[in-house]
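S.K.: Pasting structure_22.pdb below, which is PDB, C-alpha atoms, pLDDT in the B column.
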ATOM      1  CA  ASP A  29       6.825 103.295 -12.983  1.00 54.00           C
ATOM      2  CA  LYS A  30       6.355  99.993 -11.150  1.00 55.00           C
ATOM      3  CA  HIS A  31       2.702  99.676 -12.227  1.00 54.00           C
ATOM      4  CA  THR A  32       2.980 100.528 -15.910  1.00 53.00           C
ATOM      5  CA  GLY A  33       6.609  99.881 -16.833  1.00 55.00           C
ATOM      6  CA  LEU A  34       6.729 103.350 -18.375  1.00 55.00           C
ATOM      7  CA  ILE A  35       9.913 105.358 -18.022  1.00 58.00           C
ATOM      8  CA  THR A  36       9.707 108.150 -15.470  1.00 58.00           C
ATOM      9  CA  SER A  37      12.214 110.655 -14.137  1.00 56.00           C
ATOM     10  CA  ASP A  38      13.091 108.083 -11.438  1.00 53.00           C
ATOM     11  CA  SER A  39      13.964 105.423 -14.035  1.00 51.00           C
ATOM     12  CA  PRO A  40      17.601 104.492 -14.666  1.00 54.00           C
ATOM     13  CA  ASP A  41      19.322 106.188 -17.587  1.00 60.00           C
ATOM     14  CA  PRO A  42      18.510 103.995 -20.608  1.00 55.00           C
ATOM     15  CA  PHE A  43      21.645 105.180 -22.422  1.00 62.00           C
ATOM     16  CA  SER A  44      23.984 103.787 -19.761  1.00 68.00           C
ATOM     17  CA  GLN A  45      23.973 100.320 -21.350  1.00 78.00           C
ATOM     18  CA  LEU A  46      24.311 101.476 -24.960  1.00 82.00           C
ATOM     19  CA  ASN A  47      28.010 100.602 -25.332  1.00 85.00           C
ATOM     20  CA  ILE A  48      27.540  97.154 -23.785  1.00 88.00           C
ATOM     21  CA  TRP A  49      24.684  96.347 -26.159  1.00 90.00           C
ATOM     22  CA  SER A  50      26.574  97.781 -29.111  1.00 92.00           C
ATOM     23  CA  LYS A  51      29.598  95.578 -28.403  1.00 93.00           C
ATOM     24  CA  GLN A  52      27.379  92.490 -28.106  1.00 94.00           C
ATOM     25  CA  ILE A  53      25.610  93.285 -31.382  1.00 95.00           C
ATOM     26  CA  ALA A  54      28.945  93.959 -33.097  1.00 96.00           C
ATOM     27  CA  ALA A  55      30.253  90.576 -31.923  1.00 96.00           C
ATOM     28  CA  LEU A  56      27.193  88.839 -33.367  1.00 96.00           C
ATOM     29  CA  GLU A  57      27.410  90.769 -36.637  1.00 95.00           C
ATOM     30  CA  ASN A  58      31.142  90.027 -36.919  1.00 96.00           C
ATOM     31  CA  ALA A  59      30.267  86.345 -36.571  1.00 96.00           C
ATOM     32  CA  GLY A  60      27.943  86.682 -39.574  1.00 93.00           C
ATOM     33  CA  LYS A  61      24.728  86.781 -37.538  1.00 94.00           C
ATOM     34  CA  LYS A  62      21.689  88.949 -38.209  1.00 94.00           C
ATOM     35  CA  VAL A  63      20.283  90.682 -35.138  1.00 95.00           C
ATOM     36  CA  ILE A  64      16.671  91.526 -34.362  1.00 96.00           C
ATOM     37  CA  VAL A  65      15.766  93.433 -31.214  1.00 94.00           C
ATOM     38  CA  ILE A  66      12.185  92.976 -30.079  1.00 93.00           C
ATOM     39  CA  ILE A  67      10.646  96.042 -28.420  1.00 89.00           C
ATOM     40  CA  ASP A  68       9.244  95.037 -25.075  1.00 79.00           C
ATOM     41  CA  ASN A  69       5.493  94.729 -24.716  1.00 79.00           C
ATOM     42  CA  PRO A  70       3.313  97.015 -22.586  1.00 78.00           C
ATOM     43  CA  THR A  71       3.472  96.095 -18.903  1.00 76.00           C
ATOM     44  CA  PHE A  72       0.253  95.089 -17.197  1.00 75.00           C
ATOM     45  CA  PRO A  73      -0.623  93.538 -13.855  1.00 70.00           C
ATOM     46  CA  ASP A  74      -1.605  89.900 -13.584  1.00 69.00           C
ATOM     47  CA  PRO A  75      -4.703  89.455 -15.793  1.00 66.00           C
ATOM     48  CA  THR A  76      -6.661  87.941 -12.906  1.00 70.00           C
ATOM     49  CA  SER A  77      -6.641  91.368 -11.234  1.00 70.00           C
ATOM     50  CA  CYS A  78      -8.215  92.840 -14.368  1.00 73.00           C
ATOM     51  CA  ILE A  79     -11.413  90.836 -14.222  1.00 67.00           C
ATOM     52  CA  GLU A  80     -14.408  92.769 -12.984  1.00 61.00           C
ATOM     53  CA  GLY A  81     -18.009  92.069 -12.195  1.00 54.00           C
ATOM     54  CA  GLY A  82     -20.097  90.100  -9.754  1.00 52.00           C
ATOM     55  CA  LEU A  83     -18.515  87.514  -7.498  1.00 56.00           C
ATOM     56  CA  THR A  84     -21.567  85.272  -7.218  1.00 59.00           C
ATOM     57  CA  SER A  85     -24.132  83.720  -9.529  1.00 69.00           C
ATOM     58  CA  SER A  86     -26.856  85.836  -7.894  1.00 71.00           C
ATOM     59  CA  SER A  87     -27.656  89.209  -9.445  1.00 72.00           C
ATOM     60  CA  PHE A  88     -29.010  90.318  -6.048  1.00 68.00           C
ATOM     61  CA  PHE A  89     -25.760  89.532  -4.196  1.00 62.00           C
ATOM     62  CA  ASN A  90     -23.654  90.868  -7.057  1.00 54.00           C
ATOM     63  CA  GLN A  91     -25.009  94.333  -6.269  1.00 61.00           C
ATOM     64  CA  VAL A  92     -22.976  94.133  -3.055  1.00 63.00           C
ATOM     65  CA  PHE A  93     -20.210  91.673  -3.891  1.00 58.00           C
ATOM     66  CA  THR A  94     -18.528  93.050  -6.971  1.00 56.00           C
ATOM     67  CA  ARG A  95     -14.970  93.441  -8.030  1.00 54.00           C
ATOM     68  CA  ARG A  96     -13.547  96.418  -9.868  1.00 65.00           C
ATOM     69  CA  ALA A  97     -10.843  95.892 -12.424  1.00 64.00           C
ATOM     70  CA  ASN A  98      -7.350  97.066 -11.610  1.00 73.00           C
ATOM     71  CA  PRO A  99      -6.994 100.568 -13.147  1.00 72.00           C
ATOM     72  CA  TYR A 100      -3.598  99.582 -14.576  1.00 74.00           C
ATOM     73  CA  CYS A 101      -5.175  96.978 -16.903  1.00 81.00           C
ATOM     74  CA  THR A 102      -5.659  99.515 -19.697  1.00 85.00           C
ATOM     75  CA  ILE A 103      -3.489 102.289 -21.080  1.00 87.00           C
ATOM     76  CA  ALA A 104      -3.913 104.633 -24.029  1.00 91.00           C
ATOM     77  CA  TYR A 105      -1.588 103.618 -26.855  1.00 94.00           C
ATOM     78  CA  ASP A 106      -0.246 107.160 -27.239  1.00 93.00           C
ATOM     79  CA  GLN A 107       0.431 107.303 -23.479  1.00 90.00           C
ATOM     80  CA  TYR A 108       2.324 104.009 -23.748  1.00 89.00           C
ATOM     81  CA  LEU A 109       4.407 105.399 -26.652  1.00 91.00           C
ATOM     82  CA  LYS A 110       5.154 108.590 -24.722  1.00 88.00           C
ATOM     83  CA  GLY A 111       6.198 106.630 -21.644  1.00 85.00           C
ATOM     84  CA  MET A 112       8.478 104.413 -23.723  1.00 85.00           C
ATOM     85  CA  GLN A 113      10.006 107.207 -25.820  1.00 87.00           C
ATOM     86  CA  PRO A 114      13.378 107.218 -23.993  1.00 84.00           C
ATOM     87  CA  TYR A 115      13.657 103.459 -24.573  1.00 84.00           C
ATOM     88  CA  ARG A 116      12.714 103.835 -28.238  1.00 89.00           C
ATOM     89  CA  ASN A 117      15.248 106.664 -28.618  1.00 88.00           C
ATOM     90  CA  TRP A 118      17.860 104.366 -27.070  1.00 87.00           C
ATOM     91  CA  LEU A 119      17.018 101.702 -29.657  1.00 91.00           C
ATOM     92  CA  LYS A 120      17.295 104.262 -32.464  1.00 92.00           C
ATOM     93  CA  SER A 121      20.752 105.227 -31.180  1.00 90.00           C
ATOM     94  CA  LEU A 122      21.708 101.569 -31.222  1.00 92.00           C
ATOM     95  CA  GLN A 123      20.356 101.192 -34.749  1.00 94.00           C
ATOM     96  CA  LYS A 124      22.420 104.195 -35.923  1.00 94.00           C
ATOM     97  CA  GLN A 125      25.533 102.289 -34.827  1.00 93.00           C
ATOM     98  CA  HIS A 126      24.386  99.073 -36.539  1.00 95.00           C
ATOM     99  CA  ALA A 127      22.812  99.720 -39.928  1.00 93.00           C
ATOM    100  CA  ASN A 128      21.658  96.093 -40.339  1.00 93.00           C
ATOM    101  CA  LEU A 129      20.008  95.900 -36.916  1.00 95.00           C
ATOM    102  CA  ILE A 130      16.298  95.206 -37.182  1.00 96.00           C
ATOM    103  CA  ILE A 131      13.997  96.562 -34.511  1.00 96.00           C
ATOM    104  CA  PHE A 132      10.644  94.807 -34.291  1.00 97.00           C
ATOM    105  CA  ASP A 133       7.842  96.573 -32.429  1.00 95.00           C
ATOM    106  CA  THR A 134       5.308  94.237 -30.818  1.00 94.00           C
ATOM    107  CA  SER A 135       2.894  96.950 -29.703  1.00 93.00           C
ATOM    108  CA  PRO A 136       0.829  97.055 -32.947  1.00 95.00           C
ATOM    109  CA  TYR A 137       0.087  93.350 -32.363  1.00 95.00           C
ATOM    110  CA  LEU A 138      -0.696  93.783 -28.666  1.00 93.00           C
ATOM    111  CA  CYS A 139      -2.574  97.093 -28.728  1.00 94.00           C
ATOM    112  CA  ASP A 140      -5.529  98.422 -30.672  1.00 95.00           C
ATOM    113  CA  VAL A 141      -3.647 101.267 -32.361  1.00 95.00           C
ATOM    114  CA  LYS A 142      -6.697 102.458 -34.327  1.00 96.00           C
ATOM    115  CA  ASN A 143      -8.689 102.928 -31.110  1.00 97.00           C
ATOM    116  CA  ASN A 144      -5.668 104.174 -29.114  1.00 97.00           C
ATOM    117  CA  ILE A 145      -5.823 101.498 -26.421  1.00 94.00           C
ATOM    118  CA  CYS A 146      -3.679  98.753 -24.961  1.00 91.00           C
ATOM    119  CA  THR A 147      -5.352  96.255 -22.681  1.00 88.00           C
ATOM    120  CA  ILE A 148      -5.090  92.616 -21.604  1.00 86.00           C
ATOM    121  CA  THR A 149      -7.645  91.195 -24.024  1.00 87.00           C
ATOM    122  CA  GLU A 150      -8.550  91.266 -27.677  1.00 92.00           C
ATOM    123  CA  GLY A 151     -12.136  90.218 -28.086  1.00 90.00           C
ATOM    124  CA  SER A 152     -12.473  87.054 -26.012  1.00 88.00           C
ATOM    125  CA  ASN A 153      -8.733  86.282 -26.162  1.00 92.00           C
ATOM    126  CA  PHE A 154      -6.251  87.126 -23.452  1.00 88.00           C
ATOM    127  CA  ILE A 155      -3.146  88.899 -24.726  1.00 90.00           C
ATOM    128  CA  TYR A 156      -1.311  88.243 -21.453  1.00 85.00           C
ATOM    129  CA  SER A 157      -1.185  84.927 -19.648  1.00 84.00           C
ATOM    130  CA  TYR A 158       0.240  85.956 -16.289  1.00 74.00           C
ATOM    131  CA  SER A 159       1.824  89.159 -15.085  1.00 68.00           C
ATOM    132  CA  ASN A 160       3.069  90.982 -18.179  1.00 73.00           C
ATOM    133  CA  HIS A 161       4.015  87.813 -20.083  1.00 84.00           C
ATOM    134  CA  ILE A 162       2.249  87.452 -23.399  1.00 90.00           C
ATOM    135  CA  SER A 163      -0.196  84.608 -23.953  1.00 92.00           C
ATOM    136  CA  ASP A 164       0.016  81.880 -26.573  1.00 95.00           C
ATOM    137  CA  TYR A 165      -2.580  83.851 -28.550  1.00 96.00           C
ATOM    138  CA  ALA A 166      -0.388  86.989 -28.595  1.00 95.00           C
ATOM    139  CA  ALA A 167       2.771  84.964 -29.309  1.00 95.00           C
ATOM    140  CA  LYS A 168       1.078  83.504 -32.377  1.00 97.00           C
ATOM    141  CA  LYS A 169       0.099  86.993 -33.626  1.00 96.00           C
ATOM    142  CA  ILE A 170       3.661  88.233 -33.156  1.00 96.00           C
ATOM    143  CA  GLY A 171       5.118  85.060 -34.653  1.00 96.00           C
ATOM    144  CA  LEU A 172       2.996  85.405 -37.780  1.00 97.00           C
ATOM    145  CA  ALA A 173       4.343  88.929 -38.280  1.00 96.00           C
ATOM    146  CA  LEU A 174       7.950  88.153 -37.342  1.00 96.00           C
ATOM    147  CA  THR A 175       8.393  84.917 -39.294  1.00 96.00           C
ATOM    148  CA  PRO A 176       8.484  86.552 -42.770  1.00 96.00           C
ATOM    149  CA  ILE A 177      11.115  89.009 -41.523  1.00 95.00           C
ATOM    150  CA  VAL A 178      13.287  86.156 -40.234  1.00 95.00           C
ATOM    151  CA  ASP A 179      12.702  84.156 -43.421  1.00 94.00           C
ATOM    152  CA  GLU A 180      13.872  87.120 -45.508  1.00 92.00           C
ATOM    153  CA  LEU A 181      17.020  87.484 -43.387  1.00 90.00           C
ATOM    154  CA  LEU A 182      17.828  83.813 -43.861  1.00 88.00           C
ATOM    155  CA  LYS A 183      17.747  84.279 -47.647  1.00 86.00           C
ATOM    156  CA  LYS A 184      20.475  86.930 -47.508  1.00 75.00           C
TER     157      LYS A 184
END
Let's see the structure in the file written out as structure tokens.
M.R.:
Amino acid sequence: DKHTGLITSDSPDPFSQLNIWSKQIAALENAGKKVIVIIDNPTFPDPTSCIEGGLTSSSFFNQVFTRRANPYCTIAYDQYLKGMQPYRNWLKSLQKQHANLIIFDTSPYLCDVKNNICTITEGSNFIYSYSNHISDYAAKKIGLALTPIVDELLKK
């Protein structure tokens, strides 16, 4: 889906590239490299389209001049998982071929799993900086979780 990035019946077959990816991973592993695949983040529109509220400093005029947030700025976490299931299955197939392949899921760091919601902000922090690219804030959250995994791989 062009708005959500979720896989629909119109989406290309995710398994069509499996052999290409597998060969690339095998080449890296044969060279003594450790491979981590990062699961792509939820897709959202540009965060500026997600801002809602009055367009003026006057509460009177804001009753007329308001902006509604883009409806694609929020998605239920379980809906996101369902829409990405073919992609996740593809990654599992890849992992079956490469036992040492690590798959790192960013969604628990970008979504509020407990409250079943993915959106563009966490508190007063933007999770996305522009389009569906993560912000420095989100990159730091992911980096803090990913760094120990990389450190452990480097010890092996």
S.K.: Starting from the shown file, work through the PyMOL selection byres ((chain A and resi 147-154) around 8) and note down what comes out as a PyMOL selection string.
M.R.: chain A and resi 72+75+78+101-103+138-139+145-146+155-157+163+165-166
S.K.: May I have the residues from that selection written out with C-alpha atoms, as a tab-separated table (two decimals), keeping the file's coordinate frame?
M.R.:
chain	number	residue	atom	x	y	z
A	72	PHE	CA	0.25	95.09	-17.20
A	75	PRO	CA	-4.70	89.46	-15.79
A	78	CYS	CA	-8.22	92.84	-14.37
A	101	CYS	CA	-5.18	96.98	-16.90
A	102	THR	CA	-5.66	99.52	-19.70
A	103	ILE	CA	-3.49	102.29	-21.08
A	138	LEU	CA	-0.70	93.78	-28.67
A	139	CYS	CA	-2.57	97.09	-28.73
A	145	ILE	CA	-5.82	101.50	-26.42
A	146	CYS	CA	-3.68	98.75	-24.96
A	155	ILE	CA	-3.15	88.90	-24.73
A	156	TYR	CA	-1.31	88.24	-21.45
A	157	SER	CA	-1.18	84.93	-19.65
A	163	SER	CA	-0.20	84.61	-23.95
A	165	TYR	CA	-2.58	83.85	-28.55
A	166	ALA	CA	-0.39	86.99	-28.60
S.K.: Please report the interatomic distance between atom CA of Thr175 of chain A and atom CA of Ile64 of chain A in Å with one decimal.
M.R.: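 Pair atom CA of Thr175 of chain A / atom CA of Ile64 of chain A returns 11.7 Å.
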S.K.: What's the separation between atom CA of Gln125 of chain A and atom CA of Glu180 of chain A, in Å to one decimal place?
M.R.: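 Distance reported for this atom pair: 21.9 Å.
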S.K.: Taking into account all atoms listed in the file, which residue in the set A:Ser77, A:Gly60, A:Ile48, A:Asn144 is nearest to Lys184 of chain A?
M.R.: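 Smallest separation from Lys184 of chain A among the options: A:Gly60.
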S.K.: Atom CA of Thr134 of chain A and atom CA of Asp164 of chain A, how far apart in Å?
M.R.: 14.1 Å
S.K.: Here is a test: counting all atoms listed in the file, which residue of A:Ala127, A:Asn160, A:Ile67, A:Leu182 is nearest to Gln113 of chain A?
M.R.: A:Ile67
